[in-house]
Amino acid sequence: MIELDFKKDTNGLIPAIVQDAASGDVLMLAYINRESWDKTLATGKAHYWSRSRQELWLKGETSGHVQLVREILVDCDQDTVVFKVEQLGGAACHKGYGSCFFRQVTGDELKIVGEKVFDPSAVYGKKENV
């Protein structure tokens, strides 16, 4: 059994850096707890802990943009993981972009450098601000 160190954070969460397994692009950063870790290992689909909703979250449950885990890396302190995933549907970001890191710092502004893959209002039924 792989023991991750969920005890360092008082909420029992550790960061999960998510990369596209094929391109290496960073898609998102999320958090996992023991329950989401166990579900991810059991199903091969990325599960996270939603800090805003305070609940277990299967990535893509609503949008269909599920993440199939192809490889997992664990850091030296066993308190951060990297999920290398196959991103179904082409979008990891709930704002409709392929990656959550779709903005670039340019001077004192944020410039959108990513391309939208889907319309969030059509998928989630609410307007998303960029």
# chains A, B, ... in the order shown; residues from 1 in each chain; ligands from 1
$ select_by_dssp --residues "segment 24-105 of chain A" --states "strand (DSSP E or B)" --output "PDB file with all heavy atoms, in the first residue's frame"
ATOM      1  N   VAL A  26       0.921  21.326 -18.496  1.00  0.00           N
ATOM      2  CA  VAL A  26       0.248  21.360 -17.200  1.00  0.00           C
ATOM      3  C   VAL A  26      -1.190  21.764 -17.453  1.00  0.00           C
ATOM      4  O   VAL A  26      -1.460  22.808 -18.050  1.00  0.00           O
ATOM      5  CB  VAL A  26       0.936  22.349 -16.234  1.00  0.00           C
ATOM      6  CG1 VAL A  26       0.164  22.434 -14.923  1.00  0.00           C
ATOM      7  CG2 VAL A  26       2.376  21.940 -15.972  1.00  0.00           C
ATOM      8  N   LEU A  27      -2.114  20.929 -17.016  1.00  0.00           N
ATOM      9  CA  LEU A  27      -3.531  21.174 -17.250  1.00  0.00           C
ATOM     10  C   LEU A  27      -4.209  21.879 -16.089  1.00  0.00           C
ATOM     11  O   LEU A  27      -5.051  22.744 -16.291  1.00  0.00           O
ATOM     12  CB  LEU A  27      -4.254  19.852 -17.533  1.00  0.00           C
ATOM     13  CG  LEU A  27      -3.758  19.057 -18.735  1.00  0.00           C
ATOM     14  CD1 LEU A  27      -4.537  17.754 -18.861  1.00  0.00           C
ATOM     15  CD2 LEU A  27      -3.863  19.889 -20.011  1.00  0.00           C
ATOM     16  N   MET A  28      -3.843  21.504 -14.870  1.00  0.00           N
ATOM     17  CA  MET A  28      -4.522  22.075 -13.706  1.00  0.00           C
ATOM     18  C   MET A  28      -3.794  21.686 -12.430  1.00  0.00           C
ATOM     19  O   MET A  28      -2.891  20.839 -12.452  1.00  0.00           O
ATOM     20  CB  MET A  28      -5.978  21.599 -13.634  1.00  0.00           C
ATOM     21  CG  MET A  28      -6.141  20.087 -13.614  1.00  0.00           C
ATOM     22  SD  MET A  28      -7.857  19.534 -13.635  1.00  0.00           S
ATOM     23  CE  MET A  28      -8.229  19.514 -11.885  1.00  0.00           C
ATOM     24  N   LEU A  29      -4.195  22.305 -11.355  1.00  0.00           N
ATOM     25  CA  LEU A  29      -3.767  21.937 -10.008  1.00  0.00           C
ATOM     26  C   LEU A  29      -5.036  21.716  -9.211  1.00  0.00           C
ATOM     27  O   LEU A  29      -5.960  22.536  -9.260  1.00  0.00           O
ATOM     28  CB  LEU A  29      -2.939  23.050  -9.360  1.00  0.00           C
ATOM     29  CG  LEU A  29      -2.644  22.836  -7.877  1.00  0.00           C
ATOM     30  CD1 LEU A  29      -1.613  21.738  -7.696  1.00  0.00           C
ATOM     31  CD2 LEU A  29      -2.178  24.113  -7.224  1.00  0.00           C
ATOM     32  N   ALA A  30      -5.089  20.604  -8.521  1.00  0.00           N
ATOM     33  CA  ALA A  30      -6.245  20.301  -7.686  1.00  0.00           C
ATOM     34  C   ALA A  30      -5.726  19.710  -6.383  1.00  0.00           C
ATOM     35  O   ALA A  30      -4.515  19.616  -6.173  1.00  0.00           O
ATOM     36  CB  ALA A  30      -7.177  19.329  -8.394  1.00  0.00           C
ATOM     37  N   TYR A  31      -6.642  19.305  -5.516  1.00  0.00           N
ATOM     38  CA  TYR A  31      -6.259  18.717  -4.236  1.00  0.00           C
ATOM     39  C   TYR A  31      -6.921  17.363  -4.081  1.00  0.00           C
ATOM     40  O   TYR A  31      -8.033  17.140  -4.555  1.00  0.00           O
ATOM     41  CB  TYR A  31      -6.655  19.648  -3.084  1.00  0.00           C
ATOM     42  CG  TYR A  31      -5.825  20.898  -3.099  1.00  0.00           C
ATOM     43  CD1 TYR A  31      -6.219  22.000  -3.836  1.00  0.00           C
ATOM     44  CD2 TYR A  31      -4.612  20.957  -2.416  1.00  0.00           C
ATOM     45  CE1 TYR A  31      -5.432  23.144  -3.886  1.00  0.00           C
ATOM     46  CE2 TYR A  31      -3.822  22.095  -2.462  1.00  0.00           C
ATOM     47  CZ  TYR A  31      -4.238  23.173  -3.205  1.00  0.00           C
ATOM     48  OH  TYR A  31      -3.449  24.297  -3.257  1.00  0.00           O
ATOM     49  N   ILE A  32      -6.193  16.467  -3.435  1.00  0.00           N
ATOM     50  CA  ILE A  32      -6.747  15.146  -3.144  1.00  0.00           C
ATOM     51  C   ILE A  32      -6.685  14.885  -1.644  1.00  0.00           C
ATOM     52  O   ILE A  32      -5.824  15.415  -0.948  1.00  0.00           O
ATOM     53  CB  ILE A  32      -6.017  14.018  -3.909  1.00  0.00           C
ATOM     54  CG1 ILE A  32      -4.540  13.927  -3.511  1.00  0.00           C
ATOM     55  CG2 ILE A  32      -6.178  14.204  -5.410  1.00  0.00           C
ATOM     56  CD1 ILE A  32      -3.807  12.705  -4.075  1.00  0.00           C
ATOM     57  N   LYS A  45      -9.582   6.768 -12.977  1.00  0.00           N
ATOM     58  CA  LYS A  45     -10.090   8.099 -13.348  1.00  0.00           C
ATOM     59  C   LYS A  45      -9.754   9.067 -12.222  1.00  0.00           C
ATOM     60  O   LYS A  45      -9.880   8.722 -11.041  1.00  0.00           O
ATOM     61  CB  LYS A  45     -11.604   8.060 -13.561  1.00  0.00           C
ATOM     62  CG  LYS A  45     -12.014   7.182 -14.721  1.00  0.00           C
ATOM     63  CD  LYS A  45     -13.520   7.129 -14.843  1.00  0.00           C
ATOM     64  CE  LYS A  45     -13.928   6.199 -15.981  1.00  0.00           C
ATOM     65  NZ  LYS A  45     -15.377   6.053 -16.047  1.00  0.00           N
ATOM     66  N   HIS A  47      -9.965  11.570  -9.446  1.00  0.00           N
ATOM     67  CA  HIS A  47     -10.919  12.070  -8.459  1.00  0.00           C
ATOM     68  C   HIS A  47     -10.192  13.083  -7.586  1.00  0.00           C
ATOM     69  O   HIS A  47      -9.019  12.890  -7.252  1.00  0.00           O
ATOM     70  CB  HIS A  47     -11.438  10.938  -7.569  1.00  0.00           C
ATOM     71  CG  HIS A  47     -12.387  10.023  -8.248  1.00  0.00           C
ATOM     72  ND1 HIS A  47     -11.980   9.082  -9.180  1.00  0.00           N
ATOM     73  CD2 HIS A  47     -13.725   9.886  -8.139  1.00  0.00           C
ATOM     74  CE1 HIS A  47     -13.037   8.406  -9.603  1.00  0.00           C
ATOM     75  NE2 HIS A  47     -14.103   8.874  -8.982  1.00  0.00           N
ATOM     76  N   TYR A  48     -10.887  14.129  -7.198  1.00  0.00           N
ATOM     77  CA  TYR A  48     -10.293  15.192  -6.387  1.00  0.00           C
ATOM     78  C   TYR A  48     -11.227  15.533  -5.236  1.00  0.00           C
ATOM     79  O   TYR A  48     -12.371  15.076  -5.179  1.00  0.00           O
ATOM     80  CB  TYR A  48     -10.045  16.446  -7.247  1.00  0.00           C
ATOM     81  CG  TYR A  48      -9.181  16.171  -8.444  1.00  0.00           C
ATOM     82  CD1 TYR A  48      -9.738  16.060  -9.719  1.00  0.00           C
ATOM     83  CD2 TYR A  48      -7.811  15.998  -8.312  1.00  0.00           C
ATOM     84  CE1 TYR A  48      -8.941  15.781 -10.829  1.00  0.00           C
ATOM     85  CE2 TYR A  48      -7.007  15.725  -9.411  1.00  0.00           C
ATOM     86  CZ  TYR A  48      -7.585  15.620 -10.661  1.00  0.00           C
ATOM     87  OH  TYR A  48      -6.795  15.348 -11.751  1.00  0.00           O
ATOM     88  N   TRP A  49     -10.725  16.368  -4.345  1.00  0.00           N
ATOM     89  CA  TRP A  49     -11.554  16.911  -3.273  1.00  0.00           C
ATOM     90  C   TRP A  49     -11.839  18.361  -3.622  1.00  0.00           C
ATOM     91  O   TRP A  49     -10.916  19.151  -3.812  1.00  0.00           O
ATOM     92  CB  TRP A  49     -10.873  16.821  -1.917  1.00  0.00           C
ATOM     93  CG  TRP A  49     -11.752  17.361  -0.842  1.00  0.00           C
ATOM     94  CD1 TRP A  49     -11.647  18.566  -0.214  1.00  0.00           C
ATOM     95  CD2 TRP A  49     -12.904  16.728  -0.285  1.00  0.00           C
ATOM     96  NE1 TRP A  49     -12.664  18.729   0.698  1.00  0.00           N
ATOM     97  CE2 TRP A  49     -13.451  17.604   0.672  1.00  0.00           C
ATOM     98  CE3 TRP A  49     -13.534  15.506  -0.506  1.00  0.00           C
ATOM     99  CZ2 TRP A  49     -14.587  17.301   1.403  1.00  0.00           C
ATOM    100  CZ3 TRP A  49     -14.668  15.199   0.232  1.00  0.00           C
ATOM    101  CH2 TRP A  49     -15.180  16.081   1.171  1.00  0.00           C
ATOM    102  N   SER A  50     -13.099  18.704  -3.741  1.00  0.00           N
ATOM    103  CA  SER A  50     -13.492  20.082  -4.024  1.00  0.00           C
ATOM    104  C   SER A  50     -13.473  20.877  -2.727  1.00  0.00           C
ATOM    105  O   SER A  50     -14.269  20.606  -1.820  1.00  0.00           O
ATOM    106  CB  SER A  50     -14.890  20.133  -4.650  1.00  0.00           C
ATOM    107  OG  SER A  50     -15.327  21.477  -4.723  1.00  0.00           O
ATOM    108  N   GLU A  55     -16.630  18.290  -1.145  1.00  0.00           N
ATOM    109  CA  GLU A  55     -17.093  16.961  -1.525  1.00  0.00           C
ATOM    110  C   GLU A  55     -16.135  16.320  -2.520  1.00  0.00           C
ATOM    111  O   GLU A  55     -15.367  17.000  -3.197  1.00  0.00           O
ATOM    112  CB  GLU A  55     -18.501  17.021  -2.117  1.00  0.00           C
ATOM    113  CG  GLU A  55     -18.592  17.786  -3.417  1.00  0.00           C
ATOM    114  CD  GLU A  55     -20.019  17.920  -3.937  1.00  0.00           C
ATOM    115  OE1 GLU A  55     -20.967  17.741  -3.155  1.00  0.00           O
ATOM    116  OE2 GLU A  55     -20.175  18.215  -5.126  1.00  0.00           O
ATOM    117  N   LEU A  56     -16.228  15.003  -2.596  1.00  0.00           N
ATOM    118  CA  LEU A  56     -15.469  14.245  -3.574  1.00  0.00           C
ATOM    119  C   LEU A  56     -15.944  14.633  -4.972  1.00  0.00           C
ATOM    120  O   LEU A  56     -17.132  14.860  -5.187  1.00  0.00           O
ATOM    121  CB  LEU A  56     -15.693  12.742  -3.344  1.00  0.00           C
ATOM    122  CG  LEU A  56     -14.897  11.791  -4.205  1.00  0.00           C
ATOM    123  CD1 LEU A  56     -13.409  11.858  -3.845  1.00  0.00           C
ATOM    124  CD2 LEU A  56     -15.415  10.379  -4.016  1.00  0.00           C
ATOM    125  N   TRP A  57     -15.013  14.667  -5.916  1.00  0.00           N
ATOM    126  CA  TRP A  57     -15.327  15.164  -7.240  1.00  0.00           C
ATOM    127  C   TRP A  57     -14.620  14.311  -8.286  1.00  0.00           C
ATOM    128  O   TRP A  57     -13.400  14.201  -8.279  1.00  0.00           O
ATOM    129  CB  TRP A  57     -14.880  16.625  -7.278  1.00  0.00           C
ATOM    130  CG  TRP A  57     -14.605  17.275  -8.580  1.00  0.00           C
ATOM    131  CD1 TRP A  57     -15.375  17.252  -9.699  1.00  0.00           C
ATOM    132  CD2 TRP A  57     -13.472  18.091  -8.895  1.00  0.00           C
ATOM    133  NE1 TRP A  57     -14.790  18.010 -10.686  1.00  0.00           N
ATOM    134  CE2 TRP A  57     -13.621  18.537 -10.218  1.00  0.00           C
ATOM    135  CE3 TRP A  57     -12.351  18.491  -8.178  1.00  0.00           C
ATOM    136  CZ2 TRP A  57     -12.693  19.346 -10.831  1.00  0.00           C
ATOM    137  CZ3 TRP A  57     -11.427  19.306  -8.796  1.00  0.00           C
ATOM    138  CH2 TRP A  57     -11.611  19.729 -10.105  1.00  0.00           C
ATOM    139  N   LEU A  58     -15.382  13.672  -9.143  1.00  0.00           N
ATOM    140  CA  LEU A  58     -14.841  12.961 -10.293  1.00  0.00           C
ATOM    141  C   LEU A  58     -14.688  13.982 -11.404  1.00  0.00           C
ATOM    142  O   LEU A  58     -15.684  14.560 -11.864  1.00  0.00           O
ATOM    143  CB  LEU A  58     -15.774  11.834 -10.748  1.00  0.00           C
ATOM    144  CG  LEU A  58     -15.469  11.224 -12.122  1.00  0.00           C
ATOM    145  CD1 LEU A  58     -14.085  10.565 -12.154  1.00  0.00           C
ATOM    146  CD2 LEU A  58     -16.555  10.251 -12.524  1.00  0.00           C
ATOM    147  N   GLN A  67     -10.647  12.558 -16.866  1.00  0.00           N
ATOM    148  CA  GLN A  67      -9.198  12.373 -16.941  1.00  0.00           C
ATOM    149  C   GLN A  67      -8.863  10.918 -16.626  1.00  0.00           C
ATOM    150  O   GLN A  67      -9.099  10.455 -15.513  1.00  0.00           O
ATOM    151  CB  GLN A  67      -8.483  13.298 -15.956  1.00  0.00           C
ATOM    152  CG  GLN A  67      -8.639  14.754 -16.314  1.00  0.00           C
ATOM    153  CD  GLN A  67      -8.049  15.686 -15.286  1.00  0.00           C
ATOM    154  OE1 GLN A  67      -7.855  15.322 -14.129  1.00  0.00           O
ATOM    155  NE2 GLN A  67      -7.787  16.911 -15.700  1.00  0.00           N
ATOM    156  N   LEU A  68      -8.308  10.226 -17.612  1.00  0.00           N
ATOM    157  CA  LEU A  68      -7.859   8.845 -17.418  1.00  0.00           C
ATOM    158  C   LEU A  68      -6.403   8.900 -16.978  1.00  0.00           C
ATOM    159  O   LEU A  68      -5.552   9.427 -17.705  1.00  0.00           O
ATOM    160  CB  LEU A  68      -8.004   8.045 -18.705  1.00  0.00           C
ATOM    161  CG  LEU A  68      -9.409   7.995 -19.309  1.00  0.00           C
ATOM    162  CD1 LEU A  68      -9.400   7.220 -20.614  1.00  0.00           C
ATOM    163  CD2 LEU A  68     -10.402   7.405 -18.327  1.00  0.00           C
ATOM    164  N   VAL A  69      -6.117   8.394 -15.799  1.00  0.00           N
ATOM    165  CA  VAL A  69      -4.769   8.473 -15.239  1.00  0.00           C
ATOM    166  C   VAL A  69      -3.880   7.431 -15.909  1.00  0.00           C
ATOM    167  O   VAL A  69      -4.175   6.233 -15.880  1.00  0.00           O
ATOM    168  CB  VAL A  69      -4.795   8.283 -13.707  1.00  0.00           C
ATOM    169  CG1 VAL A  69      -3.392   8.333 -13.132  1.00  0.00           C
ATOM    170  CG2 VAL A  69      -5.676   9.351 -13.062  1.00  0.00           C
ATOM    171  N   ARG A  70      -2.798   7.894 -16.498  1.00  0.00           N
ATOM    172  CA  ARG A  70      -1.848   7.025 -17.204  1.00  0.00           C
ATOM    173  C   ARG A  70      -0.583   6.781 -16.389  1.00  0.00           C
ATOM    174  O   ARG A  70       0.076   5.763 -16.559  1.00  0.00           O
ATOM    175  CB  ARG A  70      -1.491   7.614 -18.566  1.00  0.00           C
ATOM    176  CG  ARG A  70      -2.685   7.774 -19.495  1.00  0.00           C
ATOM    177  CD  ARG A  70      -3.301   6.415 -19.760  1.00  0.00           C
ATOM    178  NE  ARG A  70      -4.426   6.503 -20.681  1.00  0.00           N
ATOM    179  CZ  ARG A  70      -5.480   5.727 -20.599  1.00  0.00           C
ATOM    180  NH1 ARG A  70      -5.583   4.840 -19.628  1.00  0.00           N
ATOM    181  NH2 ARG A  70      -6.456   5.834 -21.477  1.00  0.00           N
ATOM    182  N   GLU A  71      -0.241   7.717 -15.497  1.00  0.00           N
ATOM    183  CA  GLU A  71       0.953   7.568 -14.657  1.00  0.00           C
ATOM    184  C   GLU A  71       0.793   8.490 -13.455  1.00  0.00           C
ATOM    185  O   GLU A  71       0.185   9.554 -13.554  1.00  0.00           O
ATOM    186  CB  GLU A  71       2.192   7.980 -15.464  1.00  0.00           C
ATOM    187  CG  GLU A  71       3.505   7.816 -14.741  1.00  0.00           C
ATOM    188  CD  GLU A  71       4.703   8.231 -15.600  1.00  0.00           C
ATOM    189  OE1 GLU A  71       4.532   8.609 -16.772  1.00  0.00           O
ATOM    190  OE2 GLU A  71       5.824   8.182 -15.059  1.00  0.00           O
ATOM    191  N   ILE A  72       1.345   8.053 -12.320  1.00  0.00           N
ATOM    192  CA  ILE A  72       1.333   8.882 -11.117  1.00  0.00           C
ATOM    193  C   ILE A  72       2.758   8.968 -10.592  1.00  0.00           C
ATOM    194  O   ILE A  72       3.435   7.947 -10.446  1.00  0.00           O
ATOM    195  CB  ILE A  72       0.414   8.302 -10.015  1.00  0.00           C
ATOM    196  CG1 ILE A  72      -1.025   8.187 -10.521  1.00  0.00           C
ATOM    197  CG2 ILE A  72       0.487   9.173  -8.758  1.00  0.00           C
ATOM    198  CD1 ILE A  72      -1.968   7.478  -9.560  1.00  0.00           C
ATOM    199  N   LEU A  73       3.190  10.189 -10.315  1.00  0.00           N
ATOM    200  CA  LEU A  73       4.481  10.430  -9.686  1.00  0.00           C
ATOM    201  C   LEU A  73       4.234  10.993  -8.296  1.00  0.00           C
ATOM    202  O   LEU A  73       3.286  11.753  -8.084  1.00  0.00           O
ATOM    203  CB  LEU A  73       5.305  11.429 -10.513  1.00  0.00           C
ATOM    204  CG  LEU A  73       5.567  11.038 -11.972  1.00  0.00           C
ATOM    205  CD1 LEU A  73       6.208  12.189 -12.726  1.00  0.00           C
ATOM    206  CD2 LEU A  73       6.437   9.802 -12.043  1.00  0.00           C
ATOM    207  N   VAL A  74       5.084  10.614  -7.347  1.00  0.00           N
ATOM    208  CA  VAL A  74       4.966  11.082  -5.961  1.00  0.00           C
ATOM    209  C   VAL A  74       6.270  11.767  -5.590  1.00  0.00           C
ATOM    210  O   VAL A  74       7.354  11.245  -5.876  1.00  0.00           O
ATOM    211  CB  VAL A  74       4.684   9.901  -4.995  1.00  0.00           C
ATOM    212  CG1 VAL A  74       4.616  10.374  -3.556  1.00  0.00           C
ATOM    213  CG2 VAL A  74       3.402   9.185  -5.393  1.00  0.00           C
ATOM    214  N   VAL A  81       1.479  14.976  -5.557  1.00  0.00           N
ATOM    215  CA  VAL A  81       1.490  13.993  -6.639  1.00  0.00           C
ATOM    216  C   VAL A  81       1.381  14.709  -7.986  1.00  0.00           C
ATOM    217  O   VAL A  81       0.912  15.846  -8.068  1.00  0.00           O
ATOM    218  CB  VAL A  81       0.340  12.963  -6.520  1.00  0.00           C
ATOM    219  CG1 VAL A  81       0.483  12.132  -5.257  1.00  0.00           C
ATOM    220  CG2 VAL A  81      -1.018  13.628  -6.591  1.00  0.00           C
ATOM    221  N   VAL A  82       1.833  14.020  -9.016  1.00  0.00           N
ATOM    222  CA  VAL A  82       1.615  14.442 -10.397  1.00  0.00           C
ATOM    223  C   VAL A  82       0.799  13.342 -11.050  1.00  0.00           C
ATOM    224  O   VAL A  82       1.200  12.175 -11.029  1.00  0.00           O
ATOM    225  CB  VAL A  82       2.943  14.645 -11.161  1.00  0.00           C
ATOM    226  CG1 VAL A  82       2.670  14.967 -12.631  1.00  0.00           C
ATOM    227  CG2 VAL A  82       3.787  15.734 -10.517  1.00  0.00           C
ATOM    228  N   PHE A  83      -0.363  13.721 -11.568  1.00  0.00           N
ATOM    229  CA  PHE A  83      -1.164  12.798 -12.363  1.00  0.00           C
ATOM    230  C   PHE A  83      -0.890  13.116 -13.822  1.00  0.00           C
ATOM    231  O   PHE A  83      -1.138  14.236 -14.273  1.00  0.00           O
ATOM    232  CB  PHE A  83      -2.665  12.988 -12.116  1.00  0.00           C
ATOM    233  CG  PHE A  83      -3.175  12.522 -10.780  1.00  0.00           C
ATOM    234  CD1 PHE A  83      -4.434  12.925 -10.356  1.00  0.00           C
ATOM    235  CD2 PHE A  83      -2.448  11.692  -9.952  1.00  0.00           C
ATOM    236  CE1 PHE A  83      -4.951  12.499  -9.141  1.00  0.00           C
ATOM    237  CE2 PHE A  83      -2.942  11.263  -8.726  1.00  0.00           C
ATOM    238  CZ  PHE A  83      -4.205  11.672  -8.325  1.00  0.00           C
ATOM    239  N   LYS A  84      -0.372  12.139 -14.557  1.00  0.00           N
ATOM    240  CA  LYS A  84      -0.241  12.282 -16.006  1.00  0.00           C
ATOM    241  C   LYS A  84      -1.475  11.610 -16.585  1.00  0.00           C
ATOM    242  O   LYS A  84      -1.703  10.416 -16.356  1.00  0.00           O
ATOM    243  CB  LYS A  84       1.055  11.657 -16.500  1.00  0.00           C
ATOM    244  CG  LYS A  84       2.272  12.428 -16.002  1.00  0.00           C
ATOM    245  CD  LYS A  84       3.535  11.962 -16.663  1.00  0.00           C
ATOM    246  CE  LYS A  84       4.704  12.814 -16.183  1.00  0.00           C
ATOM    247  NZ  LYS A  84       5.923  12.523 -16.947  1.00  0.00           N
ATOM    248  N   VAL A  85      -2.269  12.399 -17.302  1.00  0.00           N
ATOM    249  CA  VAL A  85      -3.594  11.937 -17.705  1.00  0.00           C
ATOM    250  C   VAL A  85      -3.819  12.019 -19.210  1.00  0.00           C
ATOM    251  O   VAL A  85      -3.159  12.789 -19.917  1.00  0.00           O
ATOM    252  CB  VAL A  85      -4.706  12.754 -17.003  1.00  0.00           C
ATOM    253  CG1 VAL A  85      -4.571  12.687 -15.491  1.00  0.00           C
ATOM    254  CG2 VAL A  85      -4.735  14.199 -17.488  1.00  0.00           C
ATOM    255  N   GLU A  86      -4.770  11.230 -19.647  1.00  0.00           N
ATOM    256  CA  GLU A  86      -5.352  11.399 -20.977  1.00  0.00           C
ATOM    257  C   GLU A  86      -6.625  12.199 -20.738  1.00  0.00           C
ATOM    258  O   GLU A  86      -7.547  11.720 -20.064  1.00  0.00           O
ATOM    259  CB  GLU A  86      -5.665  10.042 -21.598  1.00  0.00           C
ATOM    260  CG  GLU A  86      -6.311  10.140 -22.950  1.00  0.00           C
ATOM    261  CD  GLU A  86      -6.681   8.783 -23.529  1.00  0.00           C
ATOM    262  OE1 GLU A  86      -6.169   7.750 -23.048  1.00  0.00           O
ATOM    263  OE2 GLU A  86      -7.505   8.761 -24.457  1.00  0.00           O
ATOM    264  N   GLN A  87      -6.651  13.412 -21.241  1.00  0.00           N
ATOM    265  CA  GLN A  87      -7.782  14.315 -21.017  1.00  0.00           C
ATOM    266  C   GLN A  87      -8.832  14.083 -22.095  1.00  0.00           C
ATOM    267  O   GLN A  87      -8.634  14.460 -23.247  1.00  0.00           O
ATOM    268  CB  GLN A  87      -7.306  15.770 -21.030  1.00  0.00           C
ATOM    269  CG  GLN A  87      -8.406  16.795 -20.855  1.00  0.00           C
ATOM    270  CD  GLN A  87      -9.047  16.720 -19.491  1.00  0.00           C
ATOM    271  OE1 GLN A  87      -8.398  16.932 -18.474  1.00  0.00           O
ATOM    272  NE2 GLN A  87     -10.329  16.426 -19.456  1.00  0.00           N
ATOM    273  N   TYR A  97     -11.342  26.063 -21.430  1.00  0.00           N
ATOM    274  CA  TYR A  97     -10.021  25.998 -22.051  1.00  0.00           C
ATOM    275  C   TYR A  97      -9.390  24.619 -21.849  1.00  0.00           C
ATOM    276  O   TYR A  97      -9.724  23.905 -20.906  1.00  0.00           O
ATOM    277  CB  TYR A  97      -9.103  27.075 -21.466  1.00  0.00           C
ATOM    278  CG  TYR A  97      -9.553  28.473 -21.834  1.00  0.00           C
ATOM    279  CD1 TYR A  97     -10.478  29.153 -21.057  1.00  0.00           C
ATOM    280  CD2 TYR A  97      -9.064  29.108 -22.975  1.00  0.00           C
ATOM    281  CE1 TYR A  97     -10.910  30.420 -21.406  1.00  0.00           C
ATOM    282  CE2 TYR A  97      -9.486  30.375 -23.326  1.00  0.00           C
ATOM    283  CZ  TYR A  97     -10.411  31.023 -22.539  1.00  0.00           C
ATOM    284  OH  TYR A  97     -10.837  32.284 -22.886  1.00  0.00           O
ATOM    285  N   ARG A 103      -3.852  31.842 -19.286  1.00  0.00           N
ATOM    286  CA  ARG A 103      -3.498  33.258 -19.277  1.00  0.00           C
ATOM    287  C   ARG A 103      -2.016  33.426 -19.002  1.00  0.00           C
ATOM    288  O   ARG A 103      -1.447  32.712 -18.183  1.00  0.00           O
ATOM    289  CB  ARG A 103      -4.315  34.006 -18.224  1.00  0.00           C
ATOM    290  CG  ARG A 103      -5.793  34.021 -18.539  1.00  0.00           C
ATOM    291  CD  ARG A 103      -6.584  34.671 -17.451  1.00  0.00           C
ATOM    292  NE  ARG A 103      -6.777  33.703 -16.382  1.00  0.00           N
ATOM    293  CZ  ARG A 103      -7.793  33.719 -15.538  1.00  0.00           C
ATOM    294  NH1 ARG A 103      -8.702  34.654 -15.619  1.00  0.00           N
ATOM    295  NH2 ARG A 103      -7.898  32.815 -14.606  1.00  0.00           N
ATOM    296  N   GLN A 104      -1.419  34.395 -19.672  1.00  0.00           N
ATOM    297  CA  GLN A 104       0.011  34.666 -19.544  1.00  0.00           C
ATOM    298  C   GLN A 104       0.193  36.082 -19.009  1.00  0.00           C
ATOM    299  O   GLN A 104      -0.505  37.010 -19.436  1.00  0.00           O
ATOM    300  CB  GLN A 104       0.663  34.545 -20.916  1.00  0.00           C
ATOM    301  CG  GLN A 104       2.139  34.841 -20.948  1.00  0.00           C
ATOM    302  CD  GLN A 104       2.642  34.776 -22.377  1.00  0.00           C
ATOM    303  OE1 GLN A 104       2.232  35.561 -23.227  1.00  0.00           O
ATOM    304  NE2 GLN A 104       3.517  33.818 -22.637  1.00  0.00           N
ATOM    305  N   VAL A 105       1.128  36.241 -18.088  1.00  0.00           N
ATOM    306  CA  VAL A 105       1.455  37.574 -17.580  1.00  0.00           C
ATOM    307  C   VAL A 105       2.250  38.299 -18.654  1.00  0.00           C
ATOM    308  O   VAL A 105       3.309  37.838 -19.084  1.00  0.00           O
ATOM    309  CB  VAL A 105       2.265  37.500 -16.269  1.00  0.00           C
ATOM    310  CG1 VAL A 105       2.697  38.882 -15.823  1.00  0.00           C
ATOM    311  CG2 VAL A 105       1.458  36.798 -15.183  1.00  0.00           C
TER     312      VAL A 105
END
$ residues_around --residues "segment 5-9 of chain A" --least-positions-apart "3" --cutoff "6 Å" --atoms "only C-alpha atoms" --output "PyMOL selection string"
chain A and resi 12-13+78-79
$ closest_residue --among "A:Cys100, A:Gly107, A:Asp38, A:Ala16" --to "Thr80 of chain A" --atoms "only C-alpha atoms"
A:Ala16
$ residues_around --residues "Val123 of chain A" --least-positions-apart "5" --cutoff "12 Å" --atoms "only C-alpha atoms" --output "tab-separated table (two decimals) with N, CA, C and O atoms, in the first residue's frame"
chain	number	residue	atom	x	y	z
A	60	GLY	N	-14.78	15.67	-14.68
A	60	GLY	CA	-15.54	15.38	-15.89
A	60	GLY	C	-16.91	14.79	-15.66
A	60	GLY	O	-17.61	14.45	-16.61
A	61	GLU	N	-17.31	14.67	-14.41
A	61	GLU	CA	-18.62	14.07	-14.09
A	61	GLU	C	-19.76	14.83	-14.77
A	61	GLU	O	-20.69	14.23	-15.28
A	62	THR	N	-19.68	16.15	-14.79
A	62	THR	CA	-20.72	16.97	-15.41
A	62	THR	C	-20.44	17.21	-16.89
A	62	THR	O	-21.30	17.06	-17.73
A	63	SER	N	-19.19	17.57	-17.21
A	63	SER	CA	-18.83	17.95	-18.58
A	63	SER	C	-18.56	16.78	-19.50
A	63	SER	O	-18.61	16.92	-20.72
A	64	GLY	N	-18.23	15.62	-18.94
A	64	GLY	CA	-17.81	14.49	-19.75
A	64	GLY	C	-16.32	14.51	-20.06
A	64	GLY	O	-15.80	13.60	-20.70
A	65	HIS	N	-15.61	15.54	-19.60
A	65	HIS	CA	-14.18	15.68	-19.86
A	65	HIS	C	-13.38	14.98	-18.76
A	65	HIS	O	-12.66	15.60	-17.98
A	91	ALA	N	-10.55	19.30	-22.81
A	91	ALA	CA	-10.56	20.46	-21.92
A	91	ALA	C	-10.49	20.04	-20.45
A	91	ALA	O	-11.30	19.23	-20.00
A	94	HIS	N	-12.75	24.35	-16.30
A	94	HIS	CA	-14.20	24.55	-16.25
A	94	HIS	C	-14.62	25.83	-16.97
A	94	HIS	O	-15.80	26.06	-17.21
A	95	LYS	N	-13.64	26.66	-17.34
A	95	LYS	CA	-13.95	27.87	-18.11
A	95	LYS	C	-13.90	27.61	-19.61
A	95	LYS	O	-14.03	28.52	-20.41
A	96	GLY	N	-13.69	26.34	-19.99
A	96	GLY	CA	-13.76	25.95	-21.39
A	96	GLY	C	-12.44	25.83	-22.11
A	96	GLY	O	-12.41	25.50	-23.29
A	117	VAL	N	-12.22	25.33	-25.80
A	117	VAL	CA	-12.59	24.05	-26.39
A	117	VAL	C	-14.11	23.88	-26.34
A	117	VAL	O	-14.69	23.25	-27.21
A	118	PHE	N	-14.74	24.46	-25.31
A	118	PHE	CA	-16.20	24.37	-25.19
A	118	PHE	C	-16.75	25.61	-24.51
A	118	PHE	O	-16.02	26.39	-23.91
A	128	GLU	N	-19.68	31.82	-17.25
A	128	GLU	CA	-18.38	31.82	-16.58
A	128	GLU	C	-17.63	33.09	-16.94
A	128	GLU	O	-17.57	33.48	-18.10
